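Everything below belongs to query-v6.pdb, which stores PDB, C-alpha atoms.
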```
ATOM      1  CA  MET A  18     253.621 191.696  72.035  1.00  0.00           C
ATOM      2  CA  ASP A  19     250.807 191.151  74.541  1.00  0.00           C
ATOM      3  CA  ARG A  20     248.682 188.076  73.928  1.00  0.00           C
ATOM      4  CA  ARG A  21     245.413 190.024  73.959  1.00  0.00           C
ATOM      5  CA  ASP A  22     246.731 192.549  71.410  1.00  0.00           C
ATOM      6  CA  VAL A  23     247.652 189.748  69.014  1.00  0.00           C
ATOM      7  CA  LEU A  24     244.264 188.080  69.375  1.00  0.00           C
ATOM      8  CA  VAL A  25     242.328 191.335  68.922  1.00  0.00           C
ATOM      9  CA  GLN A  26     244.266 192.184  65.763  1.00  0.00           C
ATOM     10  CA  ASN A  27     243.246 188.847  64.275  1.00  0.00           C
ATOM     11  CA  MET A  28     239.552 189.093  65.113  1.00  0.00           C
ATOM     12  CA  ASP A  29     236.978 190.303  62.592  1.00  0.00           C
ATOM     13  CA  GLU A  30     235.499 193.207  64.572  1.00  0.00           C
ATOM     14  CA  ARG A  31     232.968 194.054  61.856  1.00  0.00           C
ATOM     15  CA  LYS A  32     231.658 190.498  61.849  1.00  0.00           C
ATOM     16  CA  ILE A  33     231.363 190.544  65.645  1.00  0.00           C
ATOM     17  CA  LYS A  34     229.417 193.809  65.675  1.00  0.00           C
ATOM     18  CA  LEU A  35     227.047 192.725  62.902  1.00  0.00           C
ATOM     19  CA  TYR A  36     226.315 189.498  64.775  1.00  0.00           C
ATOM     20  CA  ALA A  37     225.849 191.342  68.089  1.00  0.00           C
ATOM     21  CA  VAL A  38     223.492 193.934  66.552  1.00  0.00           C
ATOM     22  CA  SER A  39     221.380 191.197  64.962  1.00  0.00           C
ATOM     23  CA  LEU A  40     221.225 189.265  68.226  1.00  0.00           C
ATOM     24  CA  ALA A  41     220.336 192.403  70.202  1.00  0.00           C
ATOM     25  CA  GLU A  42     217.443 193.150  67.826  1.00  0.00           C
ATOM     26  CA  GLU A  43     216.155 189.618  68.351  1.00  0.00           C
ATOM     27  CA  LEU A  44     216.359 189.838  72.143  1.00  0.00           C
ATOM     28  CA  ILE A  45     215.081 193.414  72.521  1.00  0.00           C
ATOM     29  CA  ARG A  46     211.891 193.512  70.481  1.00  0.00           C
ATOM     30  CA  ASN A  47     210.247 196.415  72.296  1.00  0.00           C
ATOM     31  CA  LYS A  48     211.677 199.631  73.646  1.00  0.00           C
ATOM     32  CA  LYS A  49     210.741 200.120  77.285  1.00  0.00           C
ATOM     33  CA  SER A  50     211.017 203.910  77.454  1.00  0.00           C
ATOM     34  CA  ASP A  51     212.642 206.942  75.883  1.00  0.00           C
ATOM     35  CA  SER A  52     215.020 207.242  78.833  1.00  0.00           C
ATOM     36  CA  LYS A  53     218.123 205.103  79.110  1.00  0.00           C
ATOM     37  CA  GLY A  54     218.386 202.094  81.371  1.00  0.00           C
ATOM     38  CA  TYR A  55     220.540 201.907  84.483  1.00  0.00           C
ATOM     39  CA  LEU A  56     223.917 200.170  84.434  1.00  0.00           C
ATOM     40  CA  THR A  57     225.251 198.307  87.484  1.00  0.00           C
ATOM     41  CA  ARG A  58     228.951 197.392  87.591  1.00  0.00           C
ATOM     42  CA  ALA A  59     230.325 194.493  89.623  1.00  0.00           C
ATOM     43  CA  PHE A  60     232.758 191.569  89.577  1.00  0.00           C
ATOM     44  CA  ALA A  61     231.627 187.961  89.263  1.00  0.00           C
ATOM     45  CA  THR A  62     235.100 186.646  90.063  1.00  0.00           C
ATOM     46  CA  ALA A  63     238.108 188.045  91.884  1.00  0.00           C
ATOM     47  CA  VAL A  64     241.804 187.373  92.398  1.00  0.00           C
ATOM     48  CA  THR A  65     242.196 186.181  95.989  1.00  0.00           C
ATOM     49  CA  SER A  66     244.772 184.510  98.209  1.00  0.00           C
ATOM     50  CA  LYS A  67     243.190 181.170  97.242  1.00  0.00           C
ATOM     51  CA  GLY A  68     243.264 181.864  93.512  1.00  0.00           C
ATOM     52  CA  ILE A  69     240.380 182.974  91.320  1.00  0.00           C
ATOM     53  CA  SER A  70     237.167 182.883  93.319  1.00  0.00           C
ATOM     54  CA  GLY A  71     233.544 183.707  92.582  1.00  0.00           C
ATOM     55  CA  SER A  72     230.416 182.572  90.759  1.00  0.00           C
ATOM     56  CA  LEU A  73     229.301 183.268  87.215  1.00  0.00           C
ATOM     57  CA  PRO A  74     225.805 184.555  86.369  1.00  0.00           C
ATOM     58  CA  GLY A  75     223.493 181.740  85.362  1.00  0.00           C
ATOM     59  CA  MET A  76     225.275 179.121  87.486  1.00  0.00           C
ATOM     60  CA  PRO A  77     223.611 177.457  90.505  1.00  0.00           C
ATOM     61  CA  ASP A  78     225.511 179.579  93.062  1.00  0.00           C
ATOM     62  CA  GLY A  79     225.605 182.752  90.957  1.00  0.00           C
ATOM     63  CA  GLU A  80     222.948 185.227  89.873  1.00  0.00           C
ATOM     64  CA  MET A  81     219.745 183.326  89.061  1.00  0.00           C
ATOM     65  CA  VAL A  82     218.455 183.802  85.542  1.00  0.00           C
ATOM     66  CA  ILE A  83     215.034 182.726  84.327  1.00  0.00           C
ATOM     67  CA  GLY A  84     215.216 182.596  80.553  1.00  0.00           C
ATOM     68  CA  ASN A  85     218.032 182.380  78.029  1.00  0.00           C
ATOM     69  CA  VAL A  86     221.675 181.836  78.881  1.00  0.00           C
ATOM     70  CA  PHE A  87     224.227 182.593  76.177  1.00  0.00           C
ATOM     71  CA  CYS A  88     227.570 180.954  76.893  1.00  0.00           C
ATOM     72  CA  ILE A  89     230.437 182.646  75.042  1.00  0.00           C
ATOM     73  CA  ASN A  90     233.147 180.014  74.695  1.00  0.00           C
ATOM     74  CA  SER A  91     236.587 181.593  74.669  1.00  0.00           C
ATOM     75  CA  ILE A  92     238.880 178.769  75.757  1.00  0.00           C
ATOM     76  CA  LEU A  93     241.747 180.004  73.568  1.00  0.00           C
ATOM     77  CA  GLY A  94     241.590 183.433  75.176  1.00  0.00           C
ATOM     78  CA  LEU A  95     239.676 185.430  72.563  1.00  0.00           C
ATOM     79  CA  PRO A  96     238.144 188.501  74.274  1.00  0.00           C
ATOM     80  CA  SER A  97     234.347 188.736  74.286  1.00  0.00           C
ATOM     81  CA  ASP A  98     233.994 192.358  75.408  1.00  0.00           C
ATOM     82  CA  CYS A  99     233.524 193.688  71.853  1.00  0.00           C
ATOM     83  CA  LEU A 100     230.378 191.569  71.466  1.00  0.00           C
ATOM     84  CA  LEU A 101     229.121 192.258  74.983  1.00  0.00           C
ATOM     85  CA  ASN A 102     229.515 196.032  74.724  1.00  0.00           C
ATOM     86  CA  VAL A 103     227.238 196.105  71.671  1.00  0.00           C
ATOM     87  CA  ILE A 104     224.559 194.103  73.522  1.00  0.00           C
ATOM     88  CA  LYS A 105     224.965 196.245  76.651  1.00  0.00           C
ATOM     89  CA  ASN A 106     224.575 199.535  74.766  1.00  0.00           C
ATOM     90  CA  ALA A 107     221.505 198.261  72.931  1.00  0.00           C
ATOM     91  CA  VAL A 108     219.871 197.199  76.207  1.00  0.00           C
ATOM     92  CA  ILE A 109     220.528 200.558  77.880  1.00  0.00           C
ATOM     93  CA  SER A 110     219.316 202.510  74.840  1.00  0.00           C
ATOM     94  CA  ALA A 111     216.063 200.539  74.930  1.00  0.00           C
ATOM     95  CA  GLY A 112     215.471 201.660  78.521  1.00  0.00           C
ATOM     96  CA  TYR A 113     216.281 198.392  80.321  1.00  0.00           C
ATOM     97  CA  ASP A 114     218.642 197.982  83.268  1.00  0.00           C
ATOM     98  CA  VAL A 115     221.722 195.805  82.814  1.00  0.00           C
ATOM     99  CA  ASN A 116     224.098 194.166  85.280  1.00  0.00           C
ATOM    100  CA  CYS A 117     227.692 194.247  84.008  1.00  0.00           C
ATOM    101  CA  TYR A 118     230.419 192.009  85.397  1.00  0.00           C
ATOM    102  CA  TYR A 119     234.042 192.862  84.690  1.00  0.00           C
ATOM    103  CA  CYS A 120     237.259 190.842  84.617  1.00  0.00           C
ATOM    104  CA  GLY A 121     239.043 190.399  87.948  1.00  0.00           C
ATOM    105  CA  PHE A 122     242.402 190.853  86.204  1.00  0.00           C
ATOM    106  CA  ASP A 123     241.366 193.814  84.026  1.00  0.00           C
ATOM    107  CA  SER A 124     238.585 195.991  85.441  1.00  0.00           C
ATOM    108  CA  ASN A 125     238.017 197.622  82.037  1.00  0.00           C
ATOM    109  CA  LYS A 126     237.198 194.324  80.307  1.00  0.00           C
ATOM    110  CA  LEU A 127     233.508 193.352  80.298  1.00  0.00           C
ATOM    111  CA  GLU A 128     233.005 189.582  80.665  1.00  0.00           C
ATOM    112  CA  HIS A 129     229.355 188.942  81.574  1.00  0.00           C
ATOM    113  CA  ILE A 130     226.040 190.797  81.430  1.00  0.00           C
ATOM    114  CA  SER A 131     222.558 189.988  82.677  1.00  0.00           C
ATOM    115  CA  VAL A 132     219.226 191.672  81.956  1.00  0.00           C
ATOM    116  CA  PRO A 133     216.646 190.357  84.456  1.00  0.00           C
ATOM    117  CA  GLU A 134     213.716 192.245  82.899  1.00  0.00           C
ATOM    118  CA  LEU A 135     214.308 190.602  79.522  1.00  0.00           C
ATOM    119  CA  GLY A 136     215.314 187.257  81.037  1.00  0.00           C
ATOM    120  CA  PHE A 137     218.721 186.676  79.493  1.00  0.00           C
ATOM    121  CA  VAL A 138     222.380 186.536  80.466  1.00  0.00           C
ATOM    122  CA  PHE A 139     225.640 186.427  78.532  1.00  0.00           C
ATOM    123  CA  VAL A 140     228.483 184.665  80.312  1.00  0.00           C
ATOM    124  CA  THR A 141     232.062 184.213  79.115  1.00  0.00           C
ATOM    125  CA  SER A 142     233.568 180.776  79.654  1.00  0.00           C
ATOM    126  CA  ASN A 143     237.366 180.610  79.433  1.00  0.00           C
ATOM    127  CA  GLU A 144     240.421 178.940  80.942  1.00  0.00           C
ATOM    128  CA  PHE A 145     240.114 180.916  84.191  1.00  0.00           C
ATOM    129  CA  HIS A 146     236.379 180.469  84.830  1.00  0.00           C
ATOM    130  CA  THR A 147     234.433 177.752  83.062  1.00  0.00           C
ATOM    131  CA  PHE A 148     230.667 178.003  82.772  1.00  0.00           C
ATOM    132  CA  THR A 149     228.959 174.855  84.052  1.00  0.00           C
ATOM    133  CA  GLY A 150     225.341 176.003  84.213  1.00  0.00           C
ATOM    134  CA  ASN A 151     222.410 173.948  83.076  1.00  0.00           C
ATOM    135  CA  GLY A 152     219.056 174.589  81.470  1.00  0.00           C
ATOM    136  CA  ARG A 153     218.467 176.429  78.212  1.00  0.00           C
ATOM    137  CA  VAL A 154     221.965 177.418  77.067  1.00  0.00           C
ATOM    138  CA  SER A 155     222.965 178.779  73.642  1.00  0.00           C
ATOM    139  CA  GLU A 156     226.624 178.431  72.687  1.00  0.00           C
ATOM    140  CA  ILE A 157     228.591 181.228  71.001  1.00  0.00           C
ATOM    141  CA  GLU A 158     232.049 180.233  69.749  1.00  0.00           C
ATOM    142  CA  MET A 159     234.464 183.182  69.647  1.00  0.00           C
ATOM    143  CA  GLU A 160     236.749 181.212  67.312  1.00  0.00           C
ATOM    144  CA  GLY A 161     234.126 181.800  64.617  1.00  0.00           C
ATOM    145  CA  PHE A 162     235.071 185.492  64.549  1.00  0.00           C
ATOM    146  CA  ILE A 163     238.719 185.006  63.618  1.00  0.00           C
ATOM    147  CA  LYS A 164     239.726 186.838  60.428  1.00  0.00           C
ATOM    148  CA  GLU A 165     239.785 184.731  57.305  1.00  0.00           C
ATOM    149  CA  GLY A 166     243.240 183.278  56.772  1.00  0.00           C
ATOM    150  CA  SER A 167     244.272 183.662  60.428  1.00  0.00           C
ATOM    151  CA  SER A 168     245.369 180.525  62.245  1.00  0.00           C
ATOM    152  CA  LEU A 169     244.923 180.119  65.971  1.00  0.00           C
ATOM    153  CA  THR A 170     246.126 177.488  68.416  1.00  0.00           C
ATOM    154  CA  GLU A 171     246.800 177.517  72.139  1.00  0.00           C
ATOM    155  CA  ASN A 172     250.390 178.654  71.551  1.00  0.00           C
ATOM    156  CA  SER A 173     250.339 180.457  68.208  1.00  0.00           C
ATOM    157  CA  CYS A 174     248.250 183.065  66.406  1.00  0.00           C
ATOM    158  CA  ARG A 175     249.167 183.703  62.786  1.00  0.00           C
ATOM    159  CA  GLY A 176     252.754 182.741  63.482  1.00  0.00           C
ATOM    160  CA  VAL A 177     253.091 184.848  66.641  1.00  0.00           C
ATOM    161  CA  ASP A 178     254.114 182.980  69.794  1.00  0.00           C
ATOM    162  CA  ILE A 179     251.305 183.675  72.273  1.00  0.00           C
ATOM    163  CA  GLY A 180     252.101 180.601  74.339  1.00  0.00           C
ATOM    164  CA  TYR A 181     255.000 182.375  76.069  1.00  0.00           C
ATOM    165  CA  SER A 182     252.720 185.256  77.131  1.00  0.00           C
ATOM    166  CA  ARG A 183     250.297 182.737  78.580  1.00  0.00           C
ATOM    167  CA  VAL A 184     253.041 180.996  80.573  1.00  0.00           C
ATOM    168  CA  ARG A 185     254.352 184.316  81.909  1.00  0.00           C
ATOM    169  CA  PHE A 186     250.816 185.380  82.867  1.00  0.00           C
ATOM    170  CA  GLU A 187     250.291 182.142  84.799  1.00  0.00           C
ATOM    171  CA  GLU A 188     253.632 182.609  86.572  1.00  0.00           C
ATOM    172  CA  LEU A 189     252.806 186.182  87.581  1.00  0.00           C
ATOM    173  CA  SER A 190     249.323 185.111  88.691  1.00  0.00           C
ATOM    174  CA  GLU A 191     250.810 182.479  90.996  1.00  0.00           C
ATOM    175  CA  ARG A 192     253.149 185.100  92.462  1.00  0.00           C
ATOM    176  CA  ALA A 193     250.146 187.370  93.064  1.00  0.00           C
ATOM    177  CA  PHE A 194     248.220 184.552  94.771  1.00  0.00           C
ATOM    178  CA  ARG A 195     251.182 183.844  97.070  1.00  0.00           C
ATOM    179  CA  ALA A 196     251.591 187.549  97.904  1.00  0.00           C
ATOM    180  CA  LEU A 197     247.892 187.858  98.744  1.00  0.00           C
ATOM    181  CA  SER A 198     248.133 184.736 100.901  1.00  0.00           C
ATOM    182  CA  LYS A 199     251.032 186.212 102.900  1.00  0.00           C
ATOM    183  CA  ALA A 200     249.150 189.491 103.277  1.00  0.00           C
ATOM    184  CA  SER A 201     246.101 187.604 104.560  1.00  0.00           C
ATOM    185  CA  GLU A 202     248.231 185.748 107.120  1.00  0.00           C
ATOM    186  CA  ALA A 203     249.779 189.022 108.303  1.00  0.00           C
ATOM    187  CA  HIS A 204     246.339 190.619 108.586  1.00  0.00           C
ATOM    188  CA  THR A 205     245.014 187.727 110.687  1.00  0.00           C
ATOM    189  CA  GLU A 206     248.067 187.874 112.961  1.00  0.00           C
ATOM    190  CA  MET A 207     247.650 191.629 113.429  1.00  0.00           C
ATOM    191  CA  GLU A 208     243.952 191.225 114.262  1.00  0.00           C
ATOM    192  CA  ASN A 209     244.873 188.981 117.187  1.00  0.00           C
ATOM    193  CA  TYR A 210     246.504 191.955 118.912  1.00  0.00           C
ATOM    194  CA  TYR A 211     243.428 194.178 118.996  1.00  0.00           C
ATOM    195  CA  ALA A 212     240.421 191.821 118.605  1.00  0.00           C
ATOM    196  CA  GLU A 213     239.910 191.418 122.355  1.00  0.00           C
ATOM    197  CA  ALA A 214     239.941 195.203 122.844  1.00  0.00           C
ATOM    198  CA  MET A 215     237.240 195.849 120.228  1.00  0.00           C
ATOM    199  CA  ASP A 216     233.761 196.896 121.345  1.00  0.00           C
ATOM    200  CA  TYR A 217     231.799 195.084 118.637  1.00  0.00           C
ATOM    201  CA  ALA A 218     228.432 195.873 120.200  1.00  0.00           C
ATOM    202  CA  GLY A 219     229.305 199.576 120.204  1.00  0.00           C
ATOM    203  CA  LEU A 220     230.494 199.361 116.598  1.00  0.00           C
ATOM    204  CA  THR A 221     227.201 197.741 115.547  1.00  0.00           C
ATOM    205  CA  GLN A 222     225.227 200.428 117.387  1.00  0.00           C
ATOM    206  CA  PHE A 223     227.216 203.200 115.691  1.00  0.00           C
ATOM    207  CA  THR A 224     226.775 201.548 112.271  1.00  0.00           C
ATOM    208  CA  ASP A 225     223.006 201.374 112.777  1.00  0.00           C
ATOM    209  CA  TYR A 226     223.024 205.063 113.737  1.00  0.00           C
ATOM    210  CA  ILE A 227     224.880 206.005 110.531  1.00  0.00           C
ATOM    211  CA  LEU A 228     222.524 203.918 108.381  1.00  0.00           C
ATOM    212  CA  ASP A 229     219.455 205.506 109.990  1.00  0.00           C
ATOM    213  CA  ASP A 230     220.962 208.942 109.393  1.00  0.00           C
ATOM    214  CA  ILE A 231     221.595 208.156 105.713  1.00  0.00           C
ATOM    215  CA  ALA A 232     218.065 206.772 105.308  1.00  0.00           C
ATOM    216  CA  ALA A 233     216.628 209.964 106.826  1.00  0.00           C
ATOM    217  CA  GLU A 234     218.661 212.146 104.458  1.00  0.00           C
ATOM    218  CA  VAL A 235     217.508 210.124 101.465  1.00  0.00           C
ATOM    219  CA  HIS A 236     213.869 210.377 102.575  1.00  0.00           C
ATOM    220  CA  ASN A 237     214.016 214.134 103.257  1.00  0.00           C
ATOM    221  CA  ASN A 238     215.996 215.145 100.159  1.00  0.00           C
ATOM    222  CA  ILE A 239     214.856 212.655  97.542  1.00  0.00           C
ATOM    223  CA  VAL A 240     211.549 211.012  98.407  1.00  0.00           C
ATOM    224  CA  CYS A 241     209.890 214.122  99.828  1.00  0.00           C
ATOM    225  CA  GLY A 242     211.378 216.246  97.060  1.00  0.00           C
ATOM    226  CA  ILE A 243     209.647 214.318  94.271  1.00  0.00           C
TER
END
```

Turn the structure described in the file into structure tokens.
Amino acid sequence: MDRRDVLVQNMDERKIKLYAVSLAEELIRNKKSDSKGYLTRAFATAVTSKGISGSLPGMPDGEMVIGNVFCINSILGLPSDCLLNVIKNAVISAGYDVNCYYCGFDSNKLEHISVPELGFVFVTSNEFHTFTGNGRVSEIEMEGFIKEGSSLTENSCRGVDIGYSRVRFEELSERAFRALSKASEAHTEMENYYAEAMDYAGLTQFTDYILDDIAAEVHNNIVCGI
């Protein structure tokens, strides 16, 4: 059985949602408007030829946040998306915009959110990307949402061997990194054949022309149509 499936089955989803709703009510005291907020989707980290690369929101080289940083500690691999989705939906319903950052391994799994207008960010810290920000940080321990009676260690969850799944995942990740590295080398080698023949000045000129054309369309069809 997949490691994530085992962990999810042993998490108290009701407890997570109750906690998330209470926290959302504390953070979102006033509704901004009757219309919903805008959601932006992105990746904070990515799988590259050099391994996992990127910057987490709230860290010095990531998205700057002035206000509260909530660090969701999930070192043992417990997913935080259940909690984050509740916060995200509450923010949007209140009319505020939210930046959502998804997992580089699983694009459906929400890992971090930031709400600049309300001055807070939620960032997941786990074995693949550890949060090392400073300032006003509140810790949320995902292990506190394990079902009563469930035992969890790095290699076992309620008697199920999740350590093997972790080892296999690490092995497959290394294979992916090596494959991406070879692809990058092949791409660089191929570029050497046509780089000298490229008209980069002409390409820049054409790009500027396309951008100006798009800007004109936006102005004529959206701005002037308001």

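CA of Ala63 (chain A) is found 15.3 Å from CA of Arg192 (chain A).
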
Apply the PyMOL selection byres ((chain A and resi 91) around 8) to the file shown and report the selected residues as a ChimeraX atom specification.
-> /A:89-90,92-97,141-144,158-160

Tell me, as a PyMOL selection string, which residues lie within 12 Å of Ile45 (chain A), counting only C-alpha atoms; anything in the same chain fewer than 4 positions away does not count.
-> chain A and resi 37-41+49+104-113+132+134-137

Shortest contact to Ile69 (chain A), candidates A:Met215, A:Ile130, A:Ala193, A:Val138, atoms counted only C-alpha atoms, goes to A:Ala193

Taking the file above as input, evaluate the PyMOL selection byres ((chain A and resi 87) around 9) and report the hits as an MDAnalysis selection string.
-> chainID A and resid 85:86 88:89 137:141 153:157

Can you tell me how far CA of Cys120 (chain A) sits from CA of Leu189 (chain A), in Å to one decimal?
-> 16.5 Å

Using only C-alpha atoms, which of the listed residues (A:Ser182, A:Asn116, A:Ser190, A:Asn209) sits closest to Leu24 (chain A)?
->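 Result for the nearest residue to Leu24 (chain A): A:Ser182.
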
Point-to-point distance from CA of Ala61 (chain A) to CA of Asp29 (chain A), Å rounded to tenths = 27.3 Å

Care to translate the PyMOL selection byres ((chain A and resi 67) around 10) into actual residues of this file, as an MDAnalysis selection string?
-> chainID A and resid 64:66 68:70 191 194:195 197:198

Of the residues A:His129, A:Lys199, A:Lys164, A:His236, which is the one nearest to Thr62 (chain A), using all atoms listed in the file?
-> A:His129

Tell me which of A:Ala59, A:Val115, A:Val235, A:Ile163 sits closest to Lys32 (chain A), counting only C-alpha atoms.
->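 Counting only C-alpha atoms, the residue closest to Lys32 (chain A) is A:Ile163.
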
Of the candidates A:Phe162, A:Glu188, A:Ser72, A:Lys53, which one gets nearest to Arg31 (chain A) if we count all atoms listed in the file?
-> A:Phe162

Using all atoms listed in the file, find the one residue out of A:Glu213, A:Ala233, A:Asp19, A:Leu73 that sits nearest to Thr147 (chain A).
->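 Checking each candidate against Thr147 (chain A), we get A:Leu73 as the closest.
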